[in-house]
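The file protein_39.tsv contains TSV, C-alpha atoms and all ligand atoms:
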chain	number	residue	atom	x	y	z
W	1	MET	CA	9.96	3.34	14.77
W	2	SER	CA	10.16	0.76	11.98
W	3	PRO	CA	8.49	-2.65	12.40
W	4	ARG	CA	10.63	-5.24	14.16
W	5	ASN	CA	8.99	-8.03	12.26
W	6	GLU	CA	10.08	-8.31	8.62
W	7	THR	CA	6.63	-9.54	7.52
W	8	LEU	CA	5.09	-6.27	8.71
W	9	ARG	CA	7.41	-4.05	6.68
W	10	PRO	CA	6.05	-3.01	3.25
W	11	PRO	CA	8.08	-4.91	0.63
W	12	GLU	CA	10.17	-3.15	-1.97
W	13	GLY	CA	7.84	-1.99	-4.73
W	14	ALA	CA	4.86	-1.49	-2.40
W	15	ALA	CA	2.80	1.57	-3.28
W	16	ALA	CA	2.83	4.64	-1.07
W	17	PRO	CA	-0.44	5.08	0.84
W	18	ARG	CA	-2.97	7.04	-1.20
W	19	ARG	CA	-5.77	8.96	0.45
W	20	HIS	CA	-9.03	8.34	-1.42
W	21	PRO	CA	-10.42	11.55	-2.99
W	22	ASP	CA	-13.73	11.00	-1.18
W	23	ALA	CA	-12.11	10.27	2.20
W	24	PRO	CA	-13.54	12.15	5.20
W	25	ALA	CA	-11.83	15.52	5.77
W	26	PRO	CA	-9.05	15.78	8.36
W	27	GLY	CA	-10.61	16.26	11.79
W	28	GLU	CA	-13.91	14.63	10.82
W	29	LEU	CA	-15.29	12.05	13.29
W	30	LEU	CA	-15.52	8.72	11.49
W	31	GLY	CA	-18.30	7.17	13.54
W	32	SER	CA	-18.85	3.47	14.01
W	33	HIS	CA	-18.63	1.05	11.08
W	34	TYR	CA	-21.07	-1.30	12.89
W	35	ASP	CA	-23.17	-0.53	15.98
W	36	GLU	CA	-22.44	-3.96	17.51
W	37	CYS	CA	-18.66	-3.70	17.03
W	38	PHE	CA	-16.85	-4.31	20.33
W	39	GLY	CA	-14.27	-1.68	19.37
W	40	CYS	CA	-16.38	1.24	18.17
W	41	GLY	CA	-20.08	0.33	18.37
W	42	GLY	CA	-22.52	2.21	20.56
W	43	GLY	CA	-24.58	-0.98	21.00
W	44	GLN	CA	-21.97	-2.77	23.13
W	45	ASP	CA	-22.34	-1.79	26.81
W	46	HIS	CA	-18.85	-3.01	27.75
W	47	GLY	CA	-17.23	-2.22	24.41
W	48	LEU	CA	-14.44	0.29	23.93
W	49	HIS	CA	-16.62	2.98	22.30
W	50	LEU	CA	-13.48	4.09	20.54
W	51	ALA	CA	-13.98	7.36	18.67
W	52	ALA	CA	-11.72	7.84	15.64
W	53	ARG	CA	-11.13	10.93	13.50
W	54	ALA	CA	-9.64	11.30	10.05
W	55	GLY	CA	-6.12	12.71	10.04
W	56	GLU	CA	-3.92	14.04	7.25
W	57	GLY	CA	-2.84	11.66	4.47
W	58	VAL	CA	-3.84	8.10	5.32
W	59	SER	CA	-3.89	8.49	9.08
W	60	VAL	CA	-6.39	8.54	11.93
W	61	THR	CA	-6.41	9.53	15.57
W	62	ALA	CA	-8.64	7.99	18.22
W	63	GLU	CA	-9.40	8.14	21.91
W	64	PHE	CA	-10.46	5.39	24.27
W	65	THR	CA	-11.03	5.61	28.02
W	66	VAL	CA	-10.28	2.41	29.94
W	67	LYS	CA	-13.32	1.33	31.98
W	68	LYS	CA	-13.72	-0.98	34.98
W	69	ALA	CA	-14.99	-3.70	32.61
W	70	HIS	CA	-11.66	-3.62	30.73
W	71	GLN	CA	-9.39	-4.73	33.60
W	72	GLY	CA	-6.88	-7.57	33.53
W	73	ALA	CA	-4.89	-6.98	36.74
W	74	PRO	CA	-6.54	-4.92	39.52
W	75	GLY	CA	-7.00	-1.36	38.28
W	76	LEU	CA	-5.14	-1.98	35.03
W	77	ALA	CA	-6.32	-2.48	31.46
W	78	HIS	CA	-6.22	-6.00	30.04
W	79	GLY	CA	-3.59	-6.38	27.32
W	80	GLY	CA	-6.13	-7.90	24.95
W	81	VAL	CA	-8.36	-4.86	25.34
W	82	LEU	CA	-5.41	-2.57	24.53
W	83	ALA	CA	-4.64	-4.72	21.47
W	84	THR	CA	-8.28	-4.32	20.47
W	85	ALA	CA	-7.97	-0.53	20.75
W	86	LEU	CA	-4.93	-0.63	18.46
W	87	ASP	CA	-6.66	-3.05	16.05
W	88	GLU	CA	-9.77	-0.88	15.89
W	89	THR	CA	-7.75	2.29	15.29
W	90	LEU	CA	-5.82	0.56	12.51
W	91	GLY	CA	-9.12	-0.76	11.10
W	92	ALA	CA	-10.43	2.82	10.92
W	93	LEU	CA	-7.79	3.55	8.26
W	94	SER	CA	-10.20	1.78	5.88
W	95	TRP	CA	-12.31	4.95	5.85
W	96	LEU	CA	-9.36	6.88	4.38
W	97	LEU	CA	-8.57	4.26	1.74
W	98	ARG	CA	-12.24	3.45	1.10
W	99	THR	CA	-11.24	-0.18	1.14
W	100	ILE	CA	-12.75	-2.91	3.31
W	101	ALA	CA	-9.97	-4.78	5.07
W	102	VAL	CA	-9.58	-7.24	7.95
W	103	THR	CA	-6.65	-7.83	10.27
W	104	GLY	CA	-4.30	-10.57	9.06
W	105	ARG	CA	-1.41	-9.94	11.48
W	106	LEU	CA	-1.13	-7.69	14.51
W	107	GLU	CA	2.08	-7.43	16.52
W	108	THR	CA	1.78	-5.49	19.75
W	109	ASP	CA	4.32	-4.04	22.18
W	110	PHE	CA	3.10	-3.22	25.69
W	111	LEU	CA	5.46	-0.60	27.10
W	112	ARG	CA	3.59	0.82	30.11
W	113	PRO	CA	0.62	-0.32	32.21
W	114	VAL	CA	-2.59	1.60	31.53
W	115	PRO	CA	-4.78	2.27	34.60
W	116	VAL	CA	-8.58	2.25	34.67
W	117	ASP	CA	-10.09	5.68	33.87
W	118	THR	CA	-7.04	6.59	31.79
W	119	LYS	CA	-7.65	8.03	28.36
W	120	LEU	CA	-5.49	6.43	25.69
W	121	TYR	CA	-4.58	8.72	22.76
W	122	LEU	CA	-4.14	6.60	19.66
W	123	ASP	CA	-2.89	7.33	16.20
W	124	ALA	CA	-2.38	5.11	13.18
W	125	HIS	CA	-1.19	5.44	9.61
W	126	VAL	CA	-0.72	3.27	6.56
W	127	THR	CA	2.91	2.64	5.65
W	128	GLY	CA	2.44	0.91	2.28
W	129	VAL	CA	0.06	-1.02	0.07
W	130	ASP	CA	1.00	-4.12	-1.91
W	131	GLY	CA	-1.98	-5.46	-3.87
W	132	ARG	CA	-4.55	-6.52	-1.26
W	133	LYS	CA	-2.00	-6.15	1.57
W	134	ILE	CA	-2.17	-2.97	3.62
W	135	TYR	CA	0.73	-2.32	6.02
W	136	SER	CA	0.12	0.00	8.95
W	137	THR	CA	1.33	1.03	12.36
W	138	ALA	CA	-0.25	2.54	15.49
W	139	THR	CA	0.65	3.94	18.90
W	140	GLY	CA	-1.33	4.59	22.07
W	141	ARG	CA	-0.09	7.35	24.40
W	142	LEU	CA	-0.82	8.44	27.94
W	143	GLY	CA	-1.59	11.98	29.11
W	144	GLY	CA	-2.13	13.49	25.65
W	145	PRO	CA	-1.43	13.03	21.94
W	146	ASP	CA	2.27	13.75	22.56
W	147	GLY	CA	2.51	11.75	25.81
W	148	ASP	CA	4.55	8.66	26.56
W	149	ILE	CA	3.87	5.63	24.39
W	150	ALA	CA	2.10	2.91	26.39
W	151	VAL	CA	1.32	0.53	23.54
W	152	ARG	CA	2.21	0.22	19.89
W	153	ALA	CA	1.46	-2.16	17.04
W	154	ASP	CA	2.41	-3.01	13.49
W	155	ALA	CA	-0.20	-4.66	11.34
W	156	LEU	CA	-1.00	-6.27	8.04
W	157	PHE	CA	-4.59	-5.87	6.92
W	158	ILE	CA	-5.95	-7.76	3.92
W	159	GLU	CA	-8.49	-6.21	1.57
W	160	VAL	CA	-11.77	-8.14	1.30
W	161	LYS	CA	-15.12	-7.55	-0.37
W	162	VAL	CA	-18.46	-7.24	1.43
W	163	ASP	CA	-19.02	-10.89	0.42
W	164	HIS	CA	-16.40	-11.89	3.03
W	165	PHE	CA	-18.82	-10.93	5.81
W	166	ILE	CA	-21.86	-12.37	4.04
W	167	ALA	CA	-20.04	-15.70	3.57
W	168	HIS	CA	-18.65	-15.97	7.11
W	169	GLY	CA	-20.98	-13.95	9.38
W	170	ARG	CA	-23.87	-15.46	11.31
W	171	ASP	CA	-27.15	-15.27	9.36
W	172	THR	CA	-29.09	-13.37	12.04
W	173	GLU	CA	-26.63	-10.47	12.20
W	174	ILE	CA	-26.00	-10.40	8.43
W	175	LYS	CA	-29.75	-10.20	7.70
W	176	ALA	CA	-30.19	-7.45	10.31
W	177	ALA	CA	-27.25	-5.49	8.91
W	178	MET	CA	-28.50	-5.77	5.34
W	179	ALA	CA	-31.95	-4.60	6.39
W	180	ASP	CA	-30.49	-1.49	8.03
W	181	PRO	CA	-30.09	1.37	5.54
W	182	ASP	CA	-27.48	3.06	7.78
W	183	GLN	CA	-25.36	-0.09	7.76
W	184	VAL	CA	-25.62	-0.42	3.97
W	185	ARG	CA	-24.57	3.24	3.66
W	186	ARG	CA	-21.54	2.62	5.89
W	187	ALA	CA	-20.55	-0.47	3.88
W	188	ARG	CA	-20.71	1.61	0.68
W	189	ALA	CA	-18.50	4.27	2.26
W	190	PHE	CA	-15.81	1.59	2.68
W	191	GLU	CA	-15.96	0.40	-0.90
W	192	VAL	CA	-13.56	1.54	-3.59
W	193	ASN	CA	-15.36	3.44	-6.33
W	194	PRO	CA	-15.18	1.53	-9.63
W	201	LIG	C1	-19.43	-3.67	6.00
W	201	LIG	C2	-18.26	-2.91	6.52
W	201	LIG	C3	-17.51	-3.73	7.48
W	201	LIG	C4	-16.15	-3.24	7.77
W	201	LIG	C5	-15.50	-4.18	8.71
W	201	LIG	C6	-14.17	-3.70	9.20
W	201	LIG	C7	-13.83	-4.49	10.42
W	201	LIG	C8	-12.65	-3.91	11.11
W	201	LIG	C9	-12.57	-4.46	12.52
W	201	LIG	C10	-11.23	-4.27	13.11
W	201	LIG	C11	-10.29	-5.23	12.45
W	201	LIG	C12	-10.60	-6.66	12.82
W	201	LIG	O1	-10.61	-7.04	13.94
W	201	LIG	S1	-10.92	-7.76	11.55
W	201	LIG	C13	-11.32	-9.30	12.33
W	201	LIG	C14	-10.11	-10.18	12.59
W	201	LIG	N1	-9.59	-10.74	11.35
W	201	LIG	C15	-10.18	-11.72	10.69
W	201	LIG	O2	-11.24	-12.24	11.06
W	201	LIG	C16	-9.50	-12.22	9.44
W	201	LIG	C17	-9.53	-13.75	9.35
W	201	LIG	N2	-8.73	-14.19	8.20
W	201	LIG	C18	-9.29	-14.35	6.98
W	201	LIG	O3	-10.51	-14.21	6.80
W	201	LIG	C19	-8.37	-14.64	5.83
W	201	LIG	O4	-7.19	-15.27	6.28
W	201	LIG	C20	-8.01	-13.35	5.05
W	201	LIG	C21	-9.25	-12.69	4.46
W	201	LIG	C22	-7.25	-12.32	5.92
W	201	LIG	C23	-7.05	-13.74	3.90
W	201	LIG	O5	-7.62	-14.82	3.17
W	201	LIG	P1	-7.72	-14.80	1.59
W	201	LIG	O6	-8.68	-13.73	1.15
W	201	LIG	O7	-8.00	-16.20	1.16
W	201	LIG	O8	-6.32	-14.32	1.08
W	201	LIG	P2	-4.92	-15.07	1.06
W	201	LIG	O9	-4.69	-15.49	-0.36
W	201	LIG	O10	-4.81	-16.08	2.15
W	201	LIG	O11	-3.94	-13.86	1.44
W	201	LIG	C24	-3.78	-12.74	0.58
W	201	LIG	C25	-2.34	-12.28	0.75
W	201	LIG	O12	-2.17	-11.85	2.11
W	201	LIG	C26	-1.17	-12.65	2.76
W	201	LIG	N3	-1.61	-12.94	4.11
W	201	LIG	C27	-2.83	-13.30	4.53
W	201	LIG	N4	-2.88	-13.46	5.85
W	201	LIG	C28	-1.62	-13.21	6.29
W	201	LIG	C29	-1.01	-13.23	7.58
W	201	LIG	N5	-1.70	-13.55	8.66
W	201	LIG	N6	0.31	-12.91	7.65
W	201	LIG	C30	1.04	-12.60	6.56
W	201	LIG	N7	0.49	-12.57	5.31
W	201	LIG	C31	-0.82	-12.88	5.17
W	201	LIG	C32	-1.08	-13.93	1.92
W	201	LIG	O13	0.21	-14.52	2.02
W	201	LIG	C33	-1.31	-13.38	0.51
W	201	LIG	O14	-0.13	-12.75	0.07
W	201	LIG	P3	0.35	-12.85	-1.47
W	201	LIG	O15	0.40	-14.31	-1.81
W	201	LIG	O16	-0.72	-12.11	-2.25
W	201	LIG	O17	1.66	-12.15	-1.50

If you convert what's in this file into structure tokens, what do you get?
Ligand SMILES: CCCCCCCCCCCC(=O)SCCNC(=O)CCNC(=O)[C@H](O)C(C)(C)COP(=O)(O)OP(=O)(O)OC[C@H]1O[C@@H](n2cnc3c(N)ncnc32)[C@H](O)[C@@H]1OP(=O)(O)O
Amino acid sequence: MSPRNETLRPPEGAAAPRRHPDAPAPGELLGSHYDECFGCGGGQDHGLHLAARAGEGVSVTAEFTVKKAHQGAPGLAHGGVLATALDETLGALSWLLRTIAVTGRLETDFLRPVPVDTKLYLDAHVTGVDGRKIYSTATGRLGGPDGDIAVRADALFIEVKVDHFIAHGRDTEIKAAMADPDQVRRARAFEVNP
């Protein structure tokens, strides 16, 4: 399905997505980029704990089980939580590009309600790269990786350097992250090799 919004379609002349030579192998679990991340971190009790794996090319798959803490309507996932699951899955594409990027635009379609205790099967891939602009798309399915689409999104991520987080993040968390060798290792894994 091509993006409905023109601004989320790679422009003519955009480069085809290129898997970084040092990207994790297809099937490899990517782990969390930050333990306190609401999307993938183990340190957030009510977070999504989304687990993403590298796919072929510049793609990822991920799974997320909707918990009681994620409700909007009774027994149903909150739309914002589902958008977060899509955003996080799309963000995980950074591991394949080895580029740090943040969400600039995210357009989401909600096609079916997602009940509590349901596992959402997500996949995402990059559709094109134009300078710092990374175009991508994702779906979330019910019942299995080939199940009905419940949610989908098109996105534009913008490449940034580590300095983006140092400049804008709160001092306490930045200092803690920089003092954590695991976090520094993860940040390096996102960086393009010179
Ligand atoms: C340690 C490991 C951690 C790794 C951390 C990984 C975290 C992943 C987490 C999941 C993802 C998230 O939720 S990330 C969190 C949510 N997102 C954010 O907080 C981002 C907030 N926004 C910003 O900080 C800024 O707007 C930026 C960085 C996105 C862009 O600012 P900038 O760097 O000054 O660049 P700027 O010149 O404005 O834009 C560059 C180009 O992109 C285009 N552009 C920019 N924004 C948009 C937009 N919304 N819609 C259309 N186009 C846009 C511009 O027109 C321009 O095109 P042209 O003129 O070149 O053609």

Tell me which of W:Thr65, W:Thr7, W:Thr127, W:Ser2 sits closest to ligand LIG 201 (chain W), counting only C-alpha atoms and all ligand atoms. W:Thr7

Residues within 8 Å of ligand LIG 201 (chain W) should be enumerated using only C-alpha atoms and all ligand atoms and returned as an mmCIF file with C-alpha atoms, in the coordinates of the input.
data_model
loop_
_atom_site.group_PDB
_atom_site.id
_atom_site.type_symbol
_atom_site.label_atom_id
_atom_site.label_comp_id
_atom_site.auth_asym_id
_atom_site.auth_seq_id
_atom_site.Cartn_x
_atom_site.Cartn_y
_atom_site.Cartn_z
ATOM 1 C CA THR W 7 6.630 -9.540 7.520
ATOM 2 C CA LEU W 8 5.090 -6.270 8.710
ATOM 3 C CA HIS W 33 -18.630 1.050 11.080
ATOM 4 C CA TYR W 34 -21.070 -1.300 12.890
ATOM 5 C CA CYS W 37 -18.660 -3.700 17.030
ATOM 6 C CA GLY W 39 -14.270 -1.680 19.370
ATOM 7 C CA THR W 84 -8.280 -4.320 20.470
ATOM 8 C CA ASP W 87 -6.660 -3.050 16.050
ATOM 9 C CA GLU W 88 -9.770 -0.880 15.890
ATOM 10 C CA THR W 89 -7.750 2.290 15.290
ATOM 11 C CA LEU W 90 -5.820 0.560 12.510
ATOM 12 C CA GLY W 91 -9.120 -0.760 11.100
ATOM 13 C CA ALA W 92 -10.430 2.820 10.920
ATOM 14 C CA SER W 94 -10.200 1.780 5.880
ATOM 15 C CA ILE W 100 -12.750 -2.910 3.310
ATOM 16 C CA ALA W 101 -9.970 -4.780 5.070
ATOM 17 C CA VAL W 102 -9.580 -7.240 7.950
ATOM 18 C CA THR W 103 -6.650 -7.830 10.270
ATOM 19 C CA GLY W 104 -4.300 -10.570 9.060
ATOM 20 C CA ARG W 105 -1.410 -9.940 11.480
ATOM 21 C CA GLY W 131 -1.980 -5.460 -3.870
ATOM 22 C CA ARG W 132 -4.550 -6.520 -1.260
ATOM 23 C CA LYS W 133 -2.000 -6.150 1.570
ATOM 24 C CA LEU W 156 -1.000 -6.270 8.040
ATOM 25 C CA PHE W 157 -4.590 -5.870 6.920
ATOM 26 C CA ILE W 158 -5.950 -7.760 3.920
ATOM 27 C CA GLU W 159 -8.490 -6.210 1.570
ATOM 28 C CA VAL W 160 -11.770 -8.140 1.300
ATOM 29 C CA VAL W 162 -18.460 -7.240 1.430
ATOM 30 C CA HIS W 164 -16.400 -11.890 3.030
ATOM 31 C CA PHE W 165 -18.820 -10.930 5.810
ATOM 32 C CA GLN W 183 -25.360 -0.090 7.760
ATOM 33 C CA VAL W 184 -25.620 -0.420 3.970
ATOM 34 C CA ARG W 186 -21.540 2.620 5.890
ATOM 35 C CA ALA W 187 -20.550 -0.470 3.880
ATOM 36 C CA ARG W 188 -20.710 1.610 0.680
ATOM 37 C CA PHE W 190 -15.810 1.590 2.680
#

Distance CA of Leu48 (chain W)-CA of Gly27 (chain W), one decimal place?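 Those two atoms sit 20.4 Å apart.
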
Give me the residues near Arg9 (chain W) as a ChimeraX atom specification, where near means some atom within 10 Å (using all atoms listed in the file) and where sequence neighbours in that chain fewer than 2 positions away do not count. /W:2-7,11-12,14,127-128,135-137,154-156

Counting all atoms listed in the file, which residue out of W:Ala25, W:Ile174, W:Leu120, W:Ile134 sits closest to Gly147 (chain W)?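 Looking only at the distances to Gly147 (chain W), the closest residue turns out to be W:Leu120.
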
If you count all atoms listed in the file, which residues fall within 10 Å of His78 (chain W), apart from same-chain ones fewer than 4 positions away, as a ChimeraX atom specification? /W:66,69-74,82-84,113-116

In Å, rounded to a single decimal, give me how far CA of Val81 (chain W) is from CA of Phe38 (chain W).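 Answer for the CA of Phe38 (chain W) to CA of Val81 (chain W) separation: 9.9 Å.
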
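Distances here use only C-alpha atoms; by that measure, the residue among W:Leu93, W:Ala150, W:Met1, W:Leu76 closest to Ala54 (chain W) is W:Leu93.
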
Polymer residues at most 8 Å from Val58 (chain W), all atoms listed in the file, same-chain spacing of 3 or more positions, as a list in words: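 Selected residues are Pro17, Arg18, Arg19, Gly55, Leu93, Leu96, Leu97, His125 and Val126 of chain W.
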
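Of note, CA of Gly144 (chain W) and CA of Asp22 (chain W) are spaced 29.3 Å apart.
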
What are the centre and the three edge lengths of an axis-aligned box that wraps all atoms of region 8-23 of chain W in the file, given that 8 Å is added to every side, written as JSON and rounded to one decimal in Å?
{"center_x": -1.8, "center_y": 2.6, "center_z": 2.0, "size_x": 39.9, "size_y": 33.8, "size_z": 29.4}

Give the answer as one residue: which of W:Glu107, W:Ala124, W:His49, W:Gly80 has the shortest atom-to-atom distance to Glu36 (chain W), using only C-alpha atoms?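 Using only C-alpha atoms, the shortest distance to Glu36 (chain W) belongs to W:His49.
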
Who sits within 6 Å of Ala62 (chain W), only C-alpha atoms, same chain under 6 positions skipped, as a list of chain:residue names: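 Once the nearby chain positions are removed, what remains is W:Ala51, W:Ala52, W:Leu122.
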